[in-house]
$ cat data-v4.cif   # mmCIF, N, CA and C atoms
data_data
#
loop_
_atom_site.label_atom_id
_atom_site.label_comp_id
_atom_site.auth_asym_id
_atom_site.auth_seq_id
_atom_site.Cartn_x
_atom_site.Cartn_y
_atom_site.Cartn_z
N GLN A 1077 43.07 -162.69 -28.79
CA GLN A 1077 41.64 -162.67 -29.10
C GLN A 1077 41.35 -163.73 -30.16
N VAL A 1078 40.25 -164.43 -29.97
CA VAL A 1078 39.83 -165.47 -30.91
C VAL A 1078 38.40 -165.20 -31.32
N GLN A 1079 38.16 -165.24 -32.62
CA GLN A 1079 36.80 -165.12 -33.13
C GLN A 1079 36.36 -166.47 -33.68
N LEU A 1080 35.12 -166.83 -33.41
CA LEU A 1080 34.59 -168.12 -33.83
C LEU A 1080 33.28 -167.91 -34.59
N VAL A 1081 33.16 -168.58 -35.71
CA VAL A 1081 31.95 -168.47 -36.53
C VAL A 1081 31.48 -169.86 -36.90
N GLU A 1082 30.28 -170.21 -36.46
CA GLU A 1082 29.71 -171.52 -36.75
C GLU A 1082 28.88 -171.47 -38.04
N SER A 1083 28.77 -172.62 -38.66
CA SER A 1083 27.90 -172.77 -39.83
C SER A 1083 27.50 -174.23 -39.95
N GLY A 1084 26.53 -174.49 -40.81
CA GLY A 1084 26.15 -175.86 -41.09
C GLY A 1084 24.86 -176.32 -40.45
N GLY A 1085 24.27 -175.48 -39.61
CA GLY A 1085 23.00 -175.87 -39.00
C GLY A 1085 21.87 -175.89 -40.02
N GLY A 1086 20.74 -176.40 -39.61
CA GLY A 1086 19.60 -176.44 -40.50
C GLY A 1086 18.54 -177.38 -39.99
N LEU A 1087 17.61 -177.71 -40.88
CA LEU A 1087 16.51 -178.61 -40.58
C LEU A 1087 16.82 -179.98 -41.15
N VAL A 1088 16.67 -180.99 -40.32
CA VAL A 1088 16.93 -182.37 -40.76
C VAL A 1088 15.88 -183.28 -40.13
N GLN A 1089 15.58 -184.36 -40.82
CA GLN A 1089 14.65 -185.34 -40.26
C GLN A 1089 15.36 -186.21 -39.23
N ALA A 1090 14.60 -186.71 -38.31
CA ALA A 1090 15.15 -187.64 -37.32
C ALA A 1090 15.82 -188.80 -38.04
N GLY A 1091 16.99 -189.16 -37.55
CA GLY A 1091 17.77 -190.20 -38.20
C GLY A 1091 18.77 -189.68 -39.21
N GLY A 1092 18.66 -188.42 -39.54
CA GLY A 1092 19.54 -187.81 -40.52
C GLY A 1092 20.85 -187.33 -39.93
N SER A 1093 21.62 -186.66 -40.78
CA SER A 1093 22.95 -186.21 -40.38
C SER A 1093 23.15 -184.74 -40.75
N LEU A 1094 24.03 -184.11 -39.99
CA LEU A 1094 24.46 -182.75 -40.27
C LEU A 1094 25.91 -182.63 -39.86
N ARG A 1095 26.61 -181.75 -40.53
CA ARG A 1095 27.98 -181.45 -40.15
C ARG A 1095 28.09 -179.97 -39.83
N LEU A 1096 28.42 -179.67 -38.60
CA LEU A 1096 28.64 -178.28 -38.19
C LEU A 1096 30.12 -177.94 -38.35
N SER A 1097 30.35 -176.71 -38.73
CA SER A 1097 31.72 -176.22 -38.86
C SER A 1097 31.91 -174.99 -38.00
N CYS A 1098 33.12 -174.81 -37.53
CA CYS A 1098 33.47 -173.64 -36.74
C CYS A 1098 34.79 -173.10 -37.28
N ALA A 1099 34.74 -171.89 -37.80
CA ALA A 1099 35.93 -171.24 -38.32
C ALA A 1099 36.51 -170.34 -37.24
N ALA A 1100 37.77 -170.55 -36.94
CA ALA A 1100 38.44 -169.77 -35.89
C ALA A 1100 39.43 -168.80 -36.50
N SER A 1101 39.54 -167.66 -35.93
CA SER A 1101 40.57 -166.70 -36.33
C SER A 1101 41.26 -166.19 -35.09
N GLY A 1102 42.50 -165.78 -35.26
CA GLY A 1102 43.28 -165.37 -34.11
C GLY A 1102 44.56 -166.16 -34.09
N ARG A 1103 45.60 -165.52 -33.68
CA ARG A 1103 46.94 -166.09 -33.80
C ARG A 1103 47.10 -167.39 -33.03
N THR A 1104 46.49 -167.51 -31.86
CA THR A 1104 46.72 -168.68 -31.03
C THR A 1104 45.54 -169.63 -30.97
N SER A 1105 44.62 -169.51 -31.91
CA SER A 1105 43.40 -170.32 -31.83
C SER A 1105 43.68 -171.81 -31.83
N SER A 1106 44.74 -172.24 -32.50
CA SER A 1106 45.02 -173.67 -32.57
C SER A 1106 45.57 -174.23 -31.26
N ALA A 1107 45.86 -173.38 -30.29
CA ALA A 1107 46.42 -173.84 -29.03
C ALA A 1107 45.36 -174.23 -28.02
N TYR A 1108 44.12 -173.95 -28.29
CA TYR A 1108 43.05 -174.17 -27.32
C TYR A 1108 42.37 -175.52 -27.50
N THR A 1109 41.95 -176.09 -26.38
CA THR A 1109 40.93 -177.13 -26.44
C THR A 1109 39.65 -176.47 -26.94
N MET A 1110 39.01 -177.12 -27.91
CA MET A 1110 37.79 -176.56 -28.50
C MET A 1110 36.61 -177.45 -28.16
N GLY A 1111 35.48 -176.80 -27.92
CA GLY A 1111 34.30 -177.56 -27.56
C GLY A 1111 33.08 -177.13 -28.35
N TRP A 1112 32.11 -178.01 -28.34
CA TRP A 1112 30.77 -177.70 -28.85
C TRP A 1112 29.79 -177.83 -27.69
N PHE A 1113 28.94 -176.84 -27.58
CA PHE A 1113 27.89 -176.84 -26.58
C PHE A 1113 26.56 -176.61 -27.32
N ARG A 1114 25.48 -176.88 -26.64
CA ARG A 1114 24.18 -176.62 -27.23
C ARG A 1114 23.22 -176.11 -26.17
N GLN A 1115 22.24 -175.36 -26.65
CA GLN A 1115 21.24 -174.81 -25.74
C GLN A 1115 19.89 -174.85 -26.40
N ALA A 1116 18.98 -175.59 -25.78
CA ALA A 1116 17.60 -175.65 -26.22
C ALA A 1116 16.79 -174.62 -25.44
N PRO A 1117 15.67 -174.20 -25.97
CA PRO A 1117 14.86 -173.17 -25.29
C PRO A 1117 14.50 -173.57 -23.87
N GLY A 1118 14.74 -172.65 -22.94
CA GLY A 1118 14.39 -172.90 -21.54
C GLY A 1118 15.36 -173.77 -20.78
N LEU A 1119 16.42 -174.21 -21.44
CA LEU A 1119 17.38 -175.09 -20.78
C LEU A 1119 18.75 -174.44 -20.69
N GLU A 1120 19.57 -175.00 -19.80
CA GLU A 1120 20.94 -174.51 -19.67
C GLU A 1120 21.77 -174.92 -20.89
N ARG A 1121 22.79 -174.15 -21.15
CA ARG A 1121 23.73 -174.54 -22.19
C ARG A 1121 24.50 -175.76 -21.69
N GLU A 1122 24.59 -176.78 -22.52
CA GLU A 1122 25.20 -178.02 -22.08
C GLU A 1122 26.34 -178.46 -22.99
N PHE A 1123 27.26 -179.15 -22.39
CA PHE A 1123 28.42 -179.68 -23.10
C PHE A 1123 27.98 -180.77 -24.07
N VAL A 1124 28.59 -180.75 -25.26
CA VAL A 1124 28.32 -181.79 -26.26
C VAL A 1124 29.59 -182.59 -26.55
N ALA A 1125 30.66 -181.88 -26.89
CA ALA A 1125 31.89 -182.57 -27.27
C ALA A 1125 33.06 -181.60 -27.18
N ALA A 1126 34.26 -182.15 -27.05
CA ALA A 1126 35.47 -181.33 -27.03
C ALA A 1126 36.63 -182.10 -27.63
N VAL A 1127 37.59 -181.34 -28.12
CA VAL A 1127 38.80 -181.93 -28.70
C VAL A 1127 39.99 -181.13 -28.23
N THR A 1128 41.06 -181.82 -27.83
CA THR A 1128 42.25 -181.13 -27.38
C THR A 1128 42.97 -180.46 -28.53
N TRP A 1129 43.97 -179.63 -28.20
CA TRP A 1129 44.56 -178.74 -29.19
C TRP A 1129 45.13 -179.48 -30.39
N ASN A 1130 45.64 -180.69 -30.19
CA ASN A 1130 46.26 -181.41 -31.31
C ASN A 1130 45.34 -182.48 -31.87
N GLY A 1131 44.10 -182.51 -31.39
CA GLY A 1131 43.16 -183.52 -31.86
C GLY A 1131 43.38 -184.89 -31.28
N GLY A 1132 44.30 -184.99 -30.33
CA GLY A 1132 44.67 -186.29 -29.81
C GLY A 1132 43.65 -186.91 -28.87
N ASN A 1133 42.85 -186.07 -28.25
CA ASN A 1133 41.84 -186.58 -27.31
C ASN A 1133 40.49 -185.92 -27.59
N THR A 1134 39.47 -186.72 -27.54
CA THR A 1134 38.12 -186.21 -27.73
C THR A 1134 37.23 -186.66 -26.58
N TYR A 1135 36.21 -185.87 -26.31
CA TYR A 1135 35.31 -186.13 -25.20
C TYR A 1135 33.89 -185.87 -25.66
N TYR A 1136 32.96 -186.65 -25.13
CA TYR A 1136 31.57 -186.54 -25.56
C TYR A 1136 30.63 -186.65 -24.38
N ALA A 1137 29.54 -185.93 -24.48
CA ALA A 1137 28.45 -186.15 -23.54
C ALA A 1137 27.87 -187.53 -23.80
N ASP A 1138 27.39 -188.16 -22.75
CA ASP A 1138 26.82 -189.51 -22.90
C ASP A 1138 25.68 -189.52 -23.91
N SER A 1139 24.94 -188.44 -23.98
CA SER A 1139 23.77 -188.39 -24.85
C SER A 1139 24.11 -188.41 -26.34
N VAL A 1140 25.36 -188.10 -26.68
CA VAL A 1140 25.73 -188.06 -28.10
C VAL A 1140 26.82 -189.07 -28.45
N LYS A 1141 27.33 -189.75 -27.46
CA LYS A 1141 28.42 -190.70 -27.69
C LYS A 1141 27.98 -191.76 -28.70
N GLY A 1142 28.85 -192.00 -29.68
CA GLY A 1142 28.53 -192.99 -30.70
C GLY A 1142 27.76 -192.43 -31.88
N ARG A 1143 27.25 -191.20 -31.74
CA ARG A 1143 26.49 -190.59 -32.83
C ARG A 1143 27.18 -189.35 -33.38
N PHE A 1144 27.90 -188.64 -32.53
CA PHE A 1144 28.57 -187.40 -32.92
C PHE A 1144 30.08 -187.63 -32.92
N THR A 1145 30.76 -186.90 -33.82
CA THR A 1145 32.22 -186.96 -33.87
C THR A 1145 32.76 -185.54 -34.01
N ILE A 1146 33.66 -185.19 -33.10
CA ILE A 1146 34.31 -183.88 -33.16
C ILE A 1146 35.70 -184.06 -33.76
N SER A 1147 36.10 -183.09 -34.55
CA SER A 1147 37.43 -183.13 -35.13
C SER A 1147 37.90 -181.69 -35.37
N ARG A 1148 39.18 -181.55 -35.67
CA ARG A 1148 39.70 -180.22 -35.95
C ARG A 1148 40.80 -180.31 -37.00
N ASP A 1149 40.96 -179.21 -37.69
CA ASP A 1149 42.03 -179.07 -38.69
C ASP A 1149 42.73 -177.76 -38.35
N ASN A 1150 43.84 -177.85 -37.65
CA ASN A 1150 44.52 -176.64 -37.20
C ASN A 1150 45.09 -175.86 -38.38
N GLY A 1151 45.46 -176.53 -39.44
CA GLY A 1151 45.98 -175.83 -40.60
C GLY A 1151 44.95 -174.90 -41.21
N ARG A 1152 43.70 -175.33 -41.18
CA ARG A 1152 42.60 -174.51 -41.70
C ARG A 1152 41.90 -173.74 -40.60
N LYS A 1153 42.31 -173.95 -39.36
CA LYS A 1153 41.67 -173.30 -38.21
C LYS A 1153 40.17 -173.60 -38.19
N MET A 1154 39.87 -174.86 -38.33
CA MET A 1154 38.48 -175.31 -38.36
C MET A 1154 38.24 -176.39 -37.31
N VAL A 1155 37.04 -176.38 -36.76
CA VAL A 1155 36.58 -177.43 -35.86
C VAL A 1155 35.25 -177.92 -36.41
N TYR A 1156 35.04 -179.22 -36.37
CA TYR A 1156 33.84 -179.81 -36.96
C TYR A 1156 33.10 -180.65 -35.93
N LEU A 1157 31.80 -180.73 -36.15
CA LEU A 1157 30.99 -181.66 -35.38
C LEU A 1157 30.12 -182.41 -36.37
N GLN A 1158 30.45 -183.66 -36.59
CA GLN A 1158 29.65 -184.52 -37.45
C GLN A 1158 28.58 -185.17 -36.60
N MET A 1159 27.32 -184.92 -36.96
CA MET A 1159 26.21 -185.44 -36.17
C MET A 1159 25.42 -186.43 -37.01
N SER A 1160 25.23 -187.62 -36.49
CA SER A 1160 24.49 -188.66 -37.19
C SER A 1160 23.39 -189.19 -36.29
N SER A 1161 22.46 -189.90 -36.90
CA SER A 1161 21.34 -190.49 -36.15
C SER A 1161 20.69 -189.45 -35.26
N LEU A 1162 20.42 -188.31 -35.84
CA LEU A 1162 19.89 -187.20 -35.06
C LEU A 1162 18.50 -187.51 -34.52
N LYS A 1163 18.26 -187.00 -33.31
CA LYS A 1163 17.00 -187.20 -32.62
C LYS A 1163 16.35 -185.84 -32.39
N PRO A 1164 15.04 -185.81 -32.21
CA PRO A 1164 14.39 -184.53 -31.92
C PRO A 1164 14.99 -183.83 -30.71
N GLU A 1165 15.45 -184.59 -29.73
CA GLU A 1165 16.04 -183.97 -28.54
C GLU A 1165 17.42 -183.36 -28.79
N ASP A 1166 17.98 -183.57 -29.98
CA ASP A 1166 19.24 -182.91 -30.33
C ASP A 1166 19.01 -181.49 -30.83
N ALA A 1167 17.78 -181.11 -31.06
CA ALA A 1167 17.48 -179.78 -31.57
C ALA A 1167 17.89 -178.72 -30.55
N ALA A 1168 18.63 -177.74 -31.03
CA ALA A 1168 19.15 -176.69 -30.15
C ALA A 1168 19.96 -175.71 -30.99
N VAL A 1169 20.38 -174.65 -30.36
CA VAL A 1169 21.41 -173.80 -30.94
C VAL A 1169 22.75 -174.38 -30.51
N TYR A 1170 23.62 -174.61 -31.47
CA TYR A 1170 24.93 -175.20 -31.19
C TYR A 1170 26.00 -174.12 -31.26
N TYR A 1171 26.84 -174.12 -30.23
CA TYR A 1171 27.89 -173.13 -30.10
C TYR A 1171 29.26 -173.78 -30.10
N CYS A 1172 30.16 -173.16 -30.78
CA CYS A 1172 31.57 -173.52 -30.75
C CYS A 1172 32.25 -172.63 -29.71
N ALA A 1173 33.21 -173.19 -28.98
CA ALA A 1173 33.86 -172.40 -27.94
C ALA A 1173 35.30 -172.83 -27.76
N ALA A 1174 36.11 -171.90 -27.31
CA ALA A 1174 37.52 -172.16 -27.02
C ALA A 1174 37.74 -172.10 -25.51
N ARG A 1175 38.41 -173.11 -24.99
CA ARG A 1175 38.65 -173.20 -23.55
C ARG A 1175 39.87 -172.37 -23.19
N VAL A 1176 39.69 -171.44 -22.24
CA VAL A 1176 40.77 -170.53 -21.88
C VAL A 1176 41.30 -170.75 -20.48
N ARG A 1177 40.65 -171.59 -19.68
CA ARG A 1177 41.13 -171.85 -18.32
C ARG A 1177 40.75 -173.26 -17.94
N GLY A 1178 41.36 -173.72 -16.86
CA GLY A 1178 41.06 -175.05 -16.39
C GLY A 1178 42.01 -176.06 -17.00
N ALA A 1179 42.25 -177.11 -16.23
CA ALA A 1179 43.19 -178.13 -16.69
C ALA A 1179 42.66 -179.54 -16.49
N THR A 1180 41.45 -179.65 -16.00
CA THR A 1180 40.90 -180.98 -15.76
C THR A 1180 40.20 -181.48 -17.02
N PHE A 1181 40.13 -182.78 -17.10
CA PHE A 1181 39.46 -183.42 -18.23
C PHE A 1181 38.50 -184.47 -17.69
N PRO A 1182 37.35 -184.64 -18.31
CA PRO A 1182 36.89 -184.00 -19.55
C PRO A 1182 36.55 -182.52 -19.35
N PRO A 1183 36.75 -181.72 -20.36
CA PRO A 1183 36.54 -180.27 -20.28
C PRO A 1183 35.09 -179.90 -20.52
N VAL A 1184 34.23 -180.22 -19.58
CA VAL A 1184 32.80 -180.07 -19.77
C VAL A 1184 32.24 -178.78 -19.18
N ASN A 1185 33.05 -178.04 -18.44
CA ASN A 1185 32.57 -176.87 -17.73
C ASN A 1185 32.52 -175.66 -18.66
N LYS A 1186 31.34 -175.17 -18.94
CA LYS A 1186 31.21 -174.07 -19.89
C LYS A 1186 31.87 -172.79 -19.39
N TYR A 1187 32.04 -172.64 -18.11
CA TYR A 1187 32.65 -171.43 -17.55
C TYR A 1187 34.15 -171.39 -17.78
N GLU A 1188 34.72 -172.46 -18.25
CA GLU A 1188 36.14 -172.49 -18.58
C GLU A 1188 36.39 -172.08 -20.03
N TYR A 1189 35.33 -171.84 -20.76
CA TYR A 1189 35.45 -171.45 -22.16
C TYR A 1189 35.24 -169.94 -22.26
N GLY A 1190 36.20 -169.25 -22.85
CA GLY A 1190 36.16 -167.80 -22.85
C GLY A 1190 35.79 -167.17 -24.17
N TYR A 1191 35.84 -167.94 -25.24
CA TYR A 1191 35.48 -167.42 -26.56
C TYR A 1191 34.35 -168.28 -27.11
N TRP A 1192 33.35 -167.60 -27.63
CA TRP A 1192 32.16 -168.28 -28.13
C TRP A 1192 31.76 -167.73 -29.49
N GLY A 1193 31.21 -168.62 -30.31
CA GLY A 1193 30.62 -168.15 -31.55
C GLY A 1193 29.19 -167.69 -31.30
N GLN A 1194 28.54 -167.31 -32.38
CA GLN A 1194 27.18 -166.77 -32.27
C GLN A 1194 26.12 -167.88 -32.27
N GLY A 1195 26.54 -169.08 -32.62
CA GLY A 1195 25.62 -170.21 -32.61
C GLY A 1195 25.00 -170.50 -33.97
N THR A 1196 24.63 -171.75 -34.15
CA THR A 1196 23.93 -172.16 -35.36
C THR A 1196 22.79 -173.08 -34.96
N GLN A 1197 21.63 -172.85 -35.55
CA GLN A 1197 20.42 -173.57 -35.15
C GLN A 1197 20.35 -174.94 -35.81
N VAL A 1198 20.06 -175.94 -35.02
CA VAL A 1198 19.80 -177.29 -35.53
C VAL A 1198 18.37 -177.65 -35.15
N THR A 1199 17.59 -177.99 -36.13
CA THR A 1199 16.20 -178.40 -35.92
C THR A 1199 16.04 -179.82 -36.44
N VAL A 1200 15.44 -180.67 -35.63
CA VAL A 1200 15.26 -182.08 -36.01
C VAL A 1200 13.77 -182.38 -35.98
N SER A 1201 13.24 -182.76 -37.12
CA SER A 1201 11.81 -183.06 -37.20
C SER A 1201 11.60 -184.55 -36.99
N SER A 1202 10.50 -184.86 -36.30
CA SER A 1202 10.23 -186.28 -36.00
C SER A 1202 9.35 -186.90 -37.08
#

$ encode --input "data-v4.cif" --output "structure tokens"
Amino acid sequence: QVQLVESGGGLVQAGGSLRLSCAASGRTSSAYTMGWFRQAPGLEREFVAAVTWNGGNTYYADSVKGRFTISRDNGRKMVYLQMSSLKPEDAAVYYCAARVRGATFPPVNKYEYGYWGQGTQVTVSS
């Protein structure tokens, strides 16, 4: 069992930055590919970024490539999403998730993630 708790969301002006954090607990949490997803009102939850278990590979949605950076610290059981040059369309609830099935990459399929946090709200003002 893995528990995930996100933090770091808030209100930021367009062009600003935020750093989201995800604290993981559970004996095997460091073994999973970890992802960030987001969901805006009325829209499907969508893939944002993912990092493999050792941090060796990262993947990004085209919409955030070059602006967001995902990283992890397995010693601290933390996953981060550094967001820069934020746009109003980045506003959403952001979720941290652990991938429990699937072996294809990029790991963009939300149905392959079995553990989810409660989400943290990101609001971007124009």

$ axis_aligned_box --input "data-v4.cif" --around "stretch 1191-1201 of chain A" --padding-each-side "6 Å" --output "lines of an AutoDock Vina configuration file"
center_x = 23.7
center_y = -175.7
center_z = -31.2
size_x = 36.2
size_y = 29.8
size_z = 24.0

$ residues_around --input "data-v4.cif" --residues "stretch 1095-1098 of chain A" --least-positions-apart "2" --cutoff "7 Å" --atoms "all atoms listed in the file" --output "JSON, numbers by chain"
{"A": [1080, 1081, 1082, 1083, 1084, 1085, 1093, 1100, 1153, 1154, 1155, 1156, 1157, 1158, 1159, 1172]}

$ atom_distance --input "data-v4.cif" --atom1 "atom N of A:Ser1139" --atom2 "atom C of A:Ser1105"
26.3 Å

$ closest_residue --input "data-v4.cif" --among "A:Asn1133, A:Ala1174, A:Leu1162, A:Val1088" --to "A:Trp1192" --atoms "only C-alpha atoms"
A:Ala1174

$ resolve_selection --input "data-v4.cif" --expression "the PyMOL selection byres (((chain A and resi 1078 and name CA) around 8) and name CA)" --output "PyMOL selection string"
chain A and resi 1077+1079-1080+1100-1105+1191

$ resolve_selection --input "data-v4.cif" --expression "the PyMOL selection byres ((chain A and resi 1137) around 6)" --output "ChimeraX atom specification"
/A:1123-1125,1135-1136,1138-1141

$ write_last_selection --input "data-v4.cif" --atoms "N, CA and C atoms" --output "compact mmCIF listing (two decimals), in the coordinates of the input"
# COMPACT_ATOMS: atom_id res chain seq x y z
N PHE A 1123 27.26 -179.15 -22.39
CA PHE A 1123 28.42 -179.68 -23.10
C PHE A 1123 27.98 -180.77 -24.07
N VAL A 1124 28.59 -180.75 -25.26
CA VAL A 1124 28.32 -181.79 -26.26
C VAL A 1124 29.59 -182.59 -26.55
N ALA A 1125 30.66 -181.88 -26.89
CA ALA A 1125 31.89 -182.57 -27.27
C ALA A 1125 33.06 -181.60 -27.18
N TYR A 1135 36.21 -185.87 -26.31
CA TYR A 1135 35.31 -186.13 -25.20
C TYR A 1135 33.89 -185.87 -25.66
N TYR A 1136 32.96 -186.65 -25.13
CA TYR A 1136 31.57 -186.54 -25.56
C TYR A 1136 30.63 -186.65 -24.38
N ASP A 1138 27.39 -188.16 -22.75
CA ASP A 1138 26.82 -189.51 -22.90
C ASP A 1138 25.68 -189.52 -23.91
N SER A 1139 24.94 -188.44 -23.98
CA SER A 1139 23.77 -188.39 -24.85
C SER A 1139 24.11 -188.41 -26.34
N VAL A 1140 25.36 -188.10 -26.68
CA VAL A 1140 25.73 -188.06 -28.10
C VAL A 1140 26.82 -189.07 -28.45
N LYS A 1141 27.33 -189.75 -27.46
CA LYS A 1141 28.42 -190.70 -27.69
C LYS A 1141 27.98 -191.76 -28.70

$ resolve_selection --input "data-v4.cif" --expression "the PyMOL selection byres ((chain A and resi 1190) around 6.5)" --output "short mmCIF file (atom, residue, chain, number, x, y, z; two decimals) with N, CA and C atoms, in the frame of the given file"
data_model
loop_
_atom_site.label_atom_id
_atom_site.label_comp_id
_atom_site.auth_asym_id
_atom_site.auth_seq_id
_atom_site.Cartn_x
_atom_site.Cartn_y
_atom_site.Cartn_z
N ALA A 1173 33.21 -173.19 -28.98
CA ALA A 1173 33.86 -172.40 -27.94
C ALA A 1173 35.30 -172.83 -27.76
N ALA A 1174 36.11 -171.90 -27.31
CA ALA A 1174 37.52 -172.16 -27.02
C ALA A 1174 37.74 -172.10 -25.51
N ARG A 1175 38.41 -173.11 -24.99
CA ARG A 1175 38.65 -173.20 -23.55
C ARG A 1175 39.87 -172.37 -23.19
N VAL A 1176 39.69 -171.44 -22.24
CA VAL A 1176 40.77 -170.53 -21.88
C VAL A 1176 41.30 -170.75 -20.48
N ARG A 1177 40.65 -171.59 -19.68
CA ARG A 1177 41.13 -171.85 -18.32
C ARG A 1177 40.75 -173.26 -17.94
N TYR A 1187 32.04 -172.64 -18.11
CA TYR A 1187 32.65 -171.43 -17.55
C TYR A 1187 34.15 -171.39 -17.78
N GLU A 1188 34.72 -172.46 -18.25
CA GLU A 1188 36.14 -172.49 -18.58
C GLU A 1188 36.39 -172.08 -20.03
N TYR A 1189 35.33 -171.84 -20.76
CA TYR A 1189 35.45 -171.45 -22.16
C TYR A 1189 35.24 -169.94 -22.26
N TYR A 1191 35.84 -167.94 -25.24
CA TYR A 1191 35.48 -167.42 -26.56
C TYR A 1191 34.35 -168.28 -27.11
N TRP A 1192 33.35 -167.60 -27.63
CA TRP A 1192 32.16 -168.28 -28.13
C TRP A 1192 31.76 -167.73 -29.49
#

$ closest_residue --input "data-v4.cif" --among "A:Glu1165, A:Leu1094, A:Ala1126, A:Ala1099" --to "A:Ile1146" --atoms "all atoms listed in the file"
A:Ala1126

$ closest_residue --input "data-v4.cif" --among "A:Tyr1170, A:Arg1121, A:Arg1143, A:Gly1151" --to "A:Lys1186" --atoms "only N, CA and C atoms"
A:Arg1121

$ atom_distance --input "data-v4.cif" --atom1 "atom N of A:Phe1181" --atom2 "atom C of A:Asn1130"
15.7 Å

$ atom_distance --input "data-v4.cif" --atom1 "atom N of A:Thr1196" --atom2 "atom CA of A:Val1169"
5.0 Å

$ closest_residue --input "data-v4.cif" --among "A:Val1200, A:Val1127, A:Ala1090, A:Ala1167" --to "A:Gln1115" --atoms "only C-alpha atoms"
A:Ala1167

$ select_by_dssp --input "data-v4.cif" --residues "stretch 1099-1177 of chain A" --states "strand (DSSP E)" --output "NGL selection string"
:A and (1099-1101 or 1110-1115 or 1122-1127 or 1134-1136 or 1144-1149 or 1154-1159 or 1168-1175)

$ closest_residue --input "data-v4.cif" --among "A:Gly1178, A:Pro1164, A:Gly1091, A:Gly1131" --to "A:Arg1148" --atoms "only C-alpha atoms"
A:Gly1131

$ residues_near_point --input "data-v4.cif" --point "(42.2, -179.5, -25.2)" --cutoff "6.5 Å" --atoms "all atoms listed in the file" --output "MDAnalysis selection string"
chainID A and resid 1108:1110 1127:1130

$ closest_residue --input "data-v4.cif" --among "A:Tyr1171, A:Thr1145, A:Asp1166, A:Arg1152" --to "A:Gln1194" --atoms "only N, CA and C atoms"
A:Tyr1171
